[in-house]
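*Asks:* Input structure: model.cif, which contains mmCIF, C-alpha atoms.
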```cif
data_start
#
loop_
_atom_site.label_atom_id
_atom_site.label_comp_id
_atom_site.auth_asym_id
_atom_site.auth_seq_id
_atom_site.Cartn_x
_atom_site.Cartn_y
_atom_site.Cartn_z
CA MET A 19 -3.80 21.82 3.46
CA SER A 20 -3.55 21.77 -0.31
CA LEU A 21 -2.87 18.01 -0.12
CA PHE A 22 -6.42 17.48 1.18
CA ALA A 23 -7.81 19.14 -1.94
CA LEU A 24 -5.42 17.25 -4.23
CA GLY A 25 -6.26 13.98 -2.49
CA ASN A 26 -9.96 14.66 -2.98
CA MET A 27 -9.36 15.29 -6.68
CA LEU A 28 -7.46 12.02 -7.03
CA LEU A 29 -10.27 10.14 -5.30
CA LYS A 30 -12.81 11.65 -7.66
CA TYR A 31 -10.71 10.77 -10.69
CA LYS A 32 -9.29 7.35 -9.79
CA ARG A 33 -11.97 5.98 -7.44
CA SER A 34 -15.19 7.65 -8.40
CA GLN A 35 -17.20 4.47 -7.58
CA LEU A 36 -15.84 4.26 -4.05
CA PRO A 37 -18.80 4.56 -1.64
CA ARG A 38 -18.57 7.58 0.65
CA GLU A 39 -20.95 9.35 3.03
CA ILE A 40 -19.83 12.89 2.23
CA LYS A 41 -19.38 14.14 -1.33
CA THR A 42 -17.96 17.47 -2.45
CA LYS A 43 -18.48 19.11 -5.82
CA TRP A 44 -15.52 19.65 -8.14
CA ILE A 45 -15.95 23.43 -8.11
CA LEU A 46 -15.64 23.56 -4.31
CA VAL A 47 -12.51 21.40 -4.30
CA VAL A 48 -10.85 23.54 -6.98
CA LEU A 49 -11.86 26.72 -5.14
CA ALA A 50 -10.39 25.39 -1.90
CA LEU A 51 -7.10 24.53 -3.63
CA ILE A 52 -6.85 27.99 -5.21
CA THR A 53 -7.62 29.65 -1.86
CA VAL A 54 -4.85 27.72 -0.12
CA PHE A 55 -2.32 28.68 -2.82
CA VAL A 56 -3.35 32.34 -2.63
CA ALA A 57 -2.92 32.29 1.16
CA LEU A 58 0.47 30.59 0.79
CA ILE A 59 1.71 33.16 -1.73
CA GLY A 60 0.44 35.98 0.49
CA ASN A 61 2.36 34.63 3.48
CA ILE A 62 5.54 34.30 1.44
CA VAL A 63 5.25 37.88 0.16
CA LEU A 64 4.60 39.30 3.65
CA GLN A 65 7.20 37.15 5.38
CA PRO A 66 9.81 35.56 3.06
CA SER A 67 11.50 33.77 5.99
CA VAL A 68 8.56 31.33 5.95
CA MET A 69 10.17 29.66 2.92
CA GLU A 70 13.27 28.80 4.94
CA TYR A 71 11.28 26.88 7.56
CA PHE A 72 9.17 25.27 4.84
CA ALA A 73 12.30 24.09 3.01
CA ILE A 74 13.72 22.59 6.23
CA TYR A 75 10.56 20.66 7.12
CA PHE A 76 9.90 19.63 3.52
CA GLY A 77 13.48 18.47 3.00
CA ALA A 78 13.50 16.45 6.23
CA THR A 79 10.20 14.80 5.28
CA ILE A 80 11.44 13.87 1.80
CA ILE A 81 14.63 12.36 3.24
CA ILE A 82 12.73 10.24 5.76
CA VAL A 83 10.23 9.03 3.14
CA GLY A 84 13.06 8.28 0.71
CA LEU A 85 14.92 6.24 3.33
CA MET A 86 11.82 4.21 4.11
CA ILE A 87 11.03 3.51 0.45
CA GLY A 88 14.58 2.64 -0.54
CA ARG A 89 15.74 1.01 2.68
CA VAL A 90 16.36 -2.39 1.05
CA SER A 91 18.47 -0.86 -1.73
CA ILE A 92 20.37 1.21 0.83
CA LEU A 93 21.04 -1.91 2.91
CA ARG A 94 22.33 -3.75 -0.15
CA PHE A 95 24.61 -0.81 -0.94
CA LEU A 96 26.01 -0.84 2.60
CA LEU A 97 26.43 -4.62 2.56
CA PHE A 98 28.45 -4.43 -0.66
CA PHE A 99 31.08 -2.19 0.96
CA LEU A 100 31.00 -3.66 4.47
CA SER A 101 31.49 -7.18 3.09
CA LYS A 102 34.94 -6.05 1.91
CA LEU A 103 35.96 -5.27 5.49
CA LYS A 104 36.58 -8.26 7.77
CA SER A 105 36.32 -6.04 10.84
CA CYS A 106 32.66 -5.34 9.99
CA ASN A 107 31.49 -8.96 9.85
CA PHE A 108 29.18 -8.49 12.82
CA CYS A 109 27.52 -5.42 11.29
CA THR A 110 27.25 -7.20 7.94
CA GLU A 111 25.39 -10.14 9.47
CA ARG A 112 22.99 -7.87 11.33
CA LEU A 113 22.27 -5.90 8.16
CA LYS A 114 21.65 -9.14 6.24
CA GLU A 115 19.16 -10.28 8.87
CA TRP A 116 17.40 -6.92 8.76
CA ALA A 117 17.19 -6.97 4.96
CA ASN A 118 15.87 -10.55 4.98
CA ASP A 119 13.22 -9.66 7.55
CA ILE A 120 12.00 -6.83 5.34
CA ARG A 121 11.93 -9.03 2.23
CA LYS A 122 10.10 -11.85 4.03
CA ARG A 123 7.40 -9.63 5.55
CA GLU A 124 4.02 -11.07 4.60
CA LEU A 125 1.57 -9.02 2.54
CA ILE A 126 -2.11 -9.85 2.01
CA PHE A 127 -4.42 -9.14 -0.89
CA TYR A 128 -8.16 -9.85 -0.54
CA THR A 129 -9.91 -10.91 -3.72
CA ARG A 130 -13.58 -11.52 -4.43
CA ARG A 131 -13.43 -13.46 -7.70
CA GLY A 132 -9.74 -14.17 -8.17
CA ASP A 133 -9.69 -12.76 -11.71
CA LEU A 134 -6.27 -12.99 -13.32
CA HIS A 135 -6.01 -9.33 -14.32
CA VAL A 136 -6.93 -8.16 -10.80
CA LEU A 137 -4.41 -10.47 -9.13
CA ASN A 138 -1.75 -9.40 -11.62
CA LYS A 139 -2.47 -5.75 -10.80
CA ALA A 140 -1.97 -6.47 -7.10
CA ILE A 141 1.33 -8.27 -7.71
CA MET A 142 2.59 -5.47 -9.92
CA TYR A 143 1.72 -2.97 -7.18
CA VAL A 144 3.68 -5.02 -4.64
CA ARG A 145 6.62 -5.37 -7.02
CA ASP A 146 6.77 -1.63 -7.76
CA ASN A 147 5.90 -0.17 -4.35
CA GLU A 148 6.78 -2.66 -1.60
CA SER A 149 10.05 -4.06 -0.27
CA SER A 150 8.57 -7.47 0.55
CA ASN A 151 8.52 -10.39 -1.88
CA CYS A 152 5.84 -12.47 -0.10
CA LEU A 153 2.18 -12.05 -1.04
CA THR A 154 -0.77 -14.14 0.14
CA ILE A 155 -3.99 -14.02 -1.87
CA VAL A 156 -6.96 -14.38 0.50
CA HIS A 157 -10.45 -15.31 -0.66
CA ALA A 158 -13.40 -15.47 1.74
CA TYR A 159 -16.17 -17.92 0.86
CA GLU A 160 -19.46 -18.80 2.51
CA SER A 161 -19.78 -22.23 0.85
CA GLU A 162 -17.30 -24.35 -1.11
CA GLU A 163 -19.54 -24.25 -4.19
CA LEU A 164 -19.01 -20.48 -4.42
CA VAL A 165 -15.19 -20.67 -4.52
CA PRO A 166 -14.05 -19.55 -8.02
CA VAL A 167 -12.83 -22.61 -9.88
CA HIS A 168 -10.03 -20.69 -11.56
CA ILE A 169 -8.55 -18.95 -8.52
CA LYS A 170 -6.06 -21.70 -7.60
CA LYS A 171 -4.76 -22.00 -11.18
CA ASN A 172 -4.46 -18.22 -11.46
CA VAL A 173 -2.40 -18.00 -8.27
CA GLU A 174 -0.14 -20.86 -9.35
CA PHE A 175 0.35 -19.23 -12.76
CA LEU A 176 1.28 -15.87 -11.23
CA ASP A 177 3.62 -17.53 -8.75
CA LYS A 178 5.55 -18.94 -11.70
CA LEU A 179 5.26 -15.75 -13.73
CA TYR A 180 6.91 -13.68 -10.96
CA PRO A 181 9.78 -15.86 -9.66
CA LYS A 182 11.06 -13.12 -7.34
CA ILE A 183 7.73 -12.92 -5.52
CA ARG A 184 6.28 -15.84 -3.56
CA VAL A 185 2.52 -15.91 -4.17
CA ASN A 186 0.33 -18.09 -1.91
CA LEU A 187 -3.40 -18.73 -1.73
CA LEU A 188 -5.47 -18.80 1.47
CA LEU A 189 -9.17 -19.70 1.46
CA VAL A 190 -11.08 -18.54 4.54
CA LYS A 191 -14.62 -19.67 5.24
CA GLY A 192 -16.81 -16.70 6.10
CA LYS A 193 -18.25 -13.52 4.67
CA PHE A 194 -15.80 -10.79 3.77
CA SER A 195 -16.11 -8.11 6.44
CA PRO A 196 -14.00 -6.00 8.82
CA GLY A 197 -14.28 -8.82 11.36
CA LEU A 198 -12.85 -11.36 8.93
CA VAL A 199 -9.98 -9.00 8.13
CA ASP A 200 -9.25 -8.70 11.86
CA TYR A 201 -9.29 -12.50 12.18
CA VAL A 202 -6.92 -13.09 9.25
CA GLY A 203 -4.57 -10.36 10.43
CA LYS A 204 -4.28 -11.85 13.93
CA LYS A 205 -3.86 -15.41 12.65
CA MET A 206 -1.12 -14.46 10.19
CA GLY A 207 0.43 -11.69 12.27
CA VAL A 208 0.01 -9.11 9.50
CA PRO A 209 -0.93 -5.50 10.37
CA LYS A 210 -3.65 -3.88 8.29
CA ASN A 211 -1.33 -1.41 6.60
CA TYR A 212 0.24 -4.45 4.88
CA MET A 213 -3.11 -5.60 3.51
CA PHE A 214 -4.69 -4.68 0.17
CA MET A 215 -8.04 -5.02 -1.55
CA ALA A 216 -9.49 -3.97 -4.88
CA CYS A 217 -11.44 -0.73 -5.01
CA PRO A 218 -15.10 -1.63 -4.28
CA ASN A 219 -18.11 -0.30 -6.16
CA SER A 220 -21.12 1.60 -4.86
CA LYS A 221 -22.86 -1.67 -3.84
CA PHE A 222 -20.19 -2.55 -1.29
CA PRO A 223 -22.01 -2.95 2.07
CA HIS A 224 -19.19 -1.64 4.29
CA ASN A 225 -17.47 1.68 4.81
CA ILE A 226 -13.78 1.58 3.90
CA GLY A 227 -12.93 3.21 7.22
CA GLU A 228 -14.25 0.13 9.04
CA PHE A 229 -11.31 -1.90 7.72
CA GLY A 230 -8.86 0.21 9.69
CA GLY A 231 -6.07 0.91 7.24
CA VAL A 232 -6.43 -1.75 4.53
CA ARG A 233 -5.08 -0.17 1.34
CA LEU A 234 -6.92 -0.05 -1.99
CA VAL A 235 -5.50 -1.17 -5.34
CA THR A 236 -7.56 0.12 -8.24
CA HIS A 237 -8.26 -1.98 -11.34
#
```
What's the structure tokens form of this structure?

*Replies:*
Amino acid sequence: MSLFALGNMLLKYKRSQLPREIKTKWILVVLALITVFVALIGNIVLQPSVMEYFAIYFGATIIIVGLMIGRVSILRFLLFFLSKLKSCNFCTERLKEWANDIRKRELIFYTRRGDLHVLNKAIMYVRDNESSNCLTIVHAYESEELVPVHIKKNVEFLDKLYPKIRVNLLLVKGKFSPGLVDYVGKKMGVPKNYMFMACPNSKFPHNIGEFGGVRLVTH
């Protein structure tokens, strides 16, 4: 429960301009966090065995998360040793295919103006946090005159700047909305948890929840 309070604090600090229907004051969030910690300490004092179960669940969660984050590195480590054994050729090929599928998984970043520093921030996020090396920059436009003149050059520049990441540009005619995100996702076969967008300001006409899992990259 303390993670809810910590998450709220991070939202207030990192994404204060993010539009939201319900707002909570800092004092209430801090009070909630302190209350949870007091309750946790009280439970540990009254029943120390709680720590054993907590350690088991926490350890299992950390292991699973670690495997998911470092799965490509783990596969490479296994391939290095299995490639030395001729009897494991079949397993080696399967692992290579699995690793390639992960690396080739398409990611999408939606941009409004195509500014170089925003696109660079998105690519750096993908490089540091994702296993894939394929990123498509998507810009929605209502008329061709409104397409940023510099967006194509910026994408081409970043594609050369990051040789290990393939950066593409996709222009989609239409107004940026949850419906357009659904359309692009179905056309490209990309689930929403592999899509990103910059953190919107208070004038953004949609609720973030309407996008169904599209992740935010602050800038």

*Asks:* Taking only residues of stretch 153-204 of chain A that have an atom at most 10 Å from an atom of stretch 120-140 of chain A, what is each one's shortest atom pair and its distance in Å to one decimal, using all atoms listed in the file, in chain and number order, as CSV?

*Replies:*
```
residue,atom,partner,partner_atom,distance
A:Leu153,CA,A:Leu125,CA,4.7
A:Thr154,CA,A:Ile126,CA,4.9
A:Ile155,CA,A:Phe127,CA,5.0
A:Val156,CA,A:Tyr128,CA,4.8
A:His157,CA,A:Thr129,CA,5.4
A:Ala158,CA,A:Arg130,CA,7.3
A:Tyr159,CA,A:Arg130,CA,8.7
A:Leu164,CA,A:Arg131,CA,9.5
A:Val165,CA,A:Arg131,CA,8.1
A:Pro166,CA,A:Arg131,CA,6.1
A:Val167,CA,A:Gly132,CA,9.1
A:His168,CA,A:Gly132,CA,7.4
A:Ile169,CA,A:Gly132,CA,4.9
A:Lys170,CA,A:Gly132,CA,8.4
A:Lys171,CA,A:Leu134,CA,9.4
A:Asn172,CA,A:Leu134,CA,5.8
A:Val173,CA,A:Leu137,CA,7.8
A:Phe175,CA,A:Leu134,CA,9.1
A:Leu176,CA,A:Asn138,CA,7.2
A:Leu179,CA,A:Asn138,CA,9.7
A:Tyr180,CA,A:Asn138,CA,9.7
A:Ile183,CA,A:Arg121,CA,9.6
A:Arg184,CA,A:Lys122,CA,9.4
A:Val185,CA,A:Leu125,CA,9.7
A:Asn186,CA,A:Ile126,CA,9.4
A:Leu187,CA,A:Phe127,CA,9.7
A:Leu188,CA,A:Tyr128,CA,9.6
A:Phe194,CA,A:Arg130,CA,8.5
A:Val199,CA,A:Tyr128,CA,8.9
A:Val202,CA,A:Ile126,CA,9.3
A:Gly203,CA,A:Ile126,CA,8.8
```

*Asks:* Quote the spacing between atom CA of A:Met213 and atom CA of A:Ser91 in Å to one decimal place.

*Replies:*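 Atom CA of A:Ser91 lies 22.7 Å from atom CA of A:Met213.
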
*Asks:* Smallest atom-to-atom distance to A:Ala216: which of A:Asn118, A:Gln35, A:Phe99, A:Leu189, using all atoms listed in the file?

*Replies:*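 Nearest candidate to A:Ala216 out of A:Asn118, A:Gln35, A:Phe99, A:Leu189: A:Gln35.
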
*Asks:* In Å, how far is it from atom CA of A:Val208 to atom CA of A:Lys114?

*Replies:*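 Those two atoms sit 21.9 Å apart.
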
*Asks:* Taking all atoms listed in the file into account, name the residue in A:Ser149, A:Arg33, A:Pro66, A:Lys43 that is nearest to A:Gly88.

*Replies:*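 The answer is A:Ser149, which sits nearest to A:Gly88.
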
*Asks:* So what do you get for atom CA of A:Ala23 versus atom CA of A:Ala50, distance-wise?

*Replies:*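 Atom CA of A:Ala50 lies at a distance of 6.8 Å from atom CA of A:Ala23.
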
*Asks:* Taking into account all atoms listed in the file, which residue in the set A:Arg145, A:Lys193, A:His224, A:Lys178 is nearest to A:Glu39?

*Replies:*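 Answer, going by the shortest atom-to-atom distance: A:His224.
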
*Asks:* Near stretch 115-117 of chain A, within 10 Å and counting all atoms listed in the file, which residues show up once chain neighbours fewer than 6 positions away are dropped, as a ChimeraX atom specification?

*Replies:* /A:89-94,97,109,149-150

*Asks:* With a distance cut-off of 12 Å and only C-alpha atoms, select the neighbouring residues of stretch 54-65 of chain A, excluding the residue or stretch itself and same-chain residues fewer than 5 positions from it, and output the selection as a compact mmCIF listing (two decimals) with C-alpha atoms, keeping the file's coordinate frame.

*Replies:*
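Printed below is around-v3.txt as written:
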```txt
# COMPACT_ATOMS: atom_id res chain seq x y z
CA MET A 19 -3.80 21.82 3.46
CA SER A 20 -3.55 21.77 -0.31
CA LEU A 21 -2.87 18.01 -0.12
CA PHE A 22 -6.42 17.48 1.18
CA ALA A 23 -7.81 19.14 -1.94
CA LEU A 24 -5.42 17.25 -4.23
CA VAL A 47 -12.51 21.40 -4.30
CA VAL A 48 -10.85 23.54 -6.98
CA LEU A 49 -11.86 26.72 -5.14
CA GLU A 70 13.27 28.80 4.94
CA TYR A 71 11.28 26.88 7.56
CA PHE A 72 9.17 25.27 4.84
```

*Asks:* Could you check which of A:Leu100, A:Val144, A:Trp44, A:Ser195 is closest to A:Asn225, using all atoms listed in the file?

*Replies:*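 Looking only at the distances to A:Asn225, the closest residue turns out to be A:Ser195.
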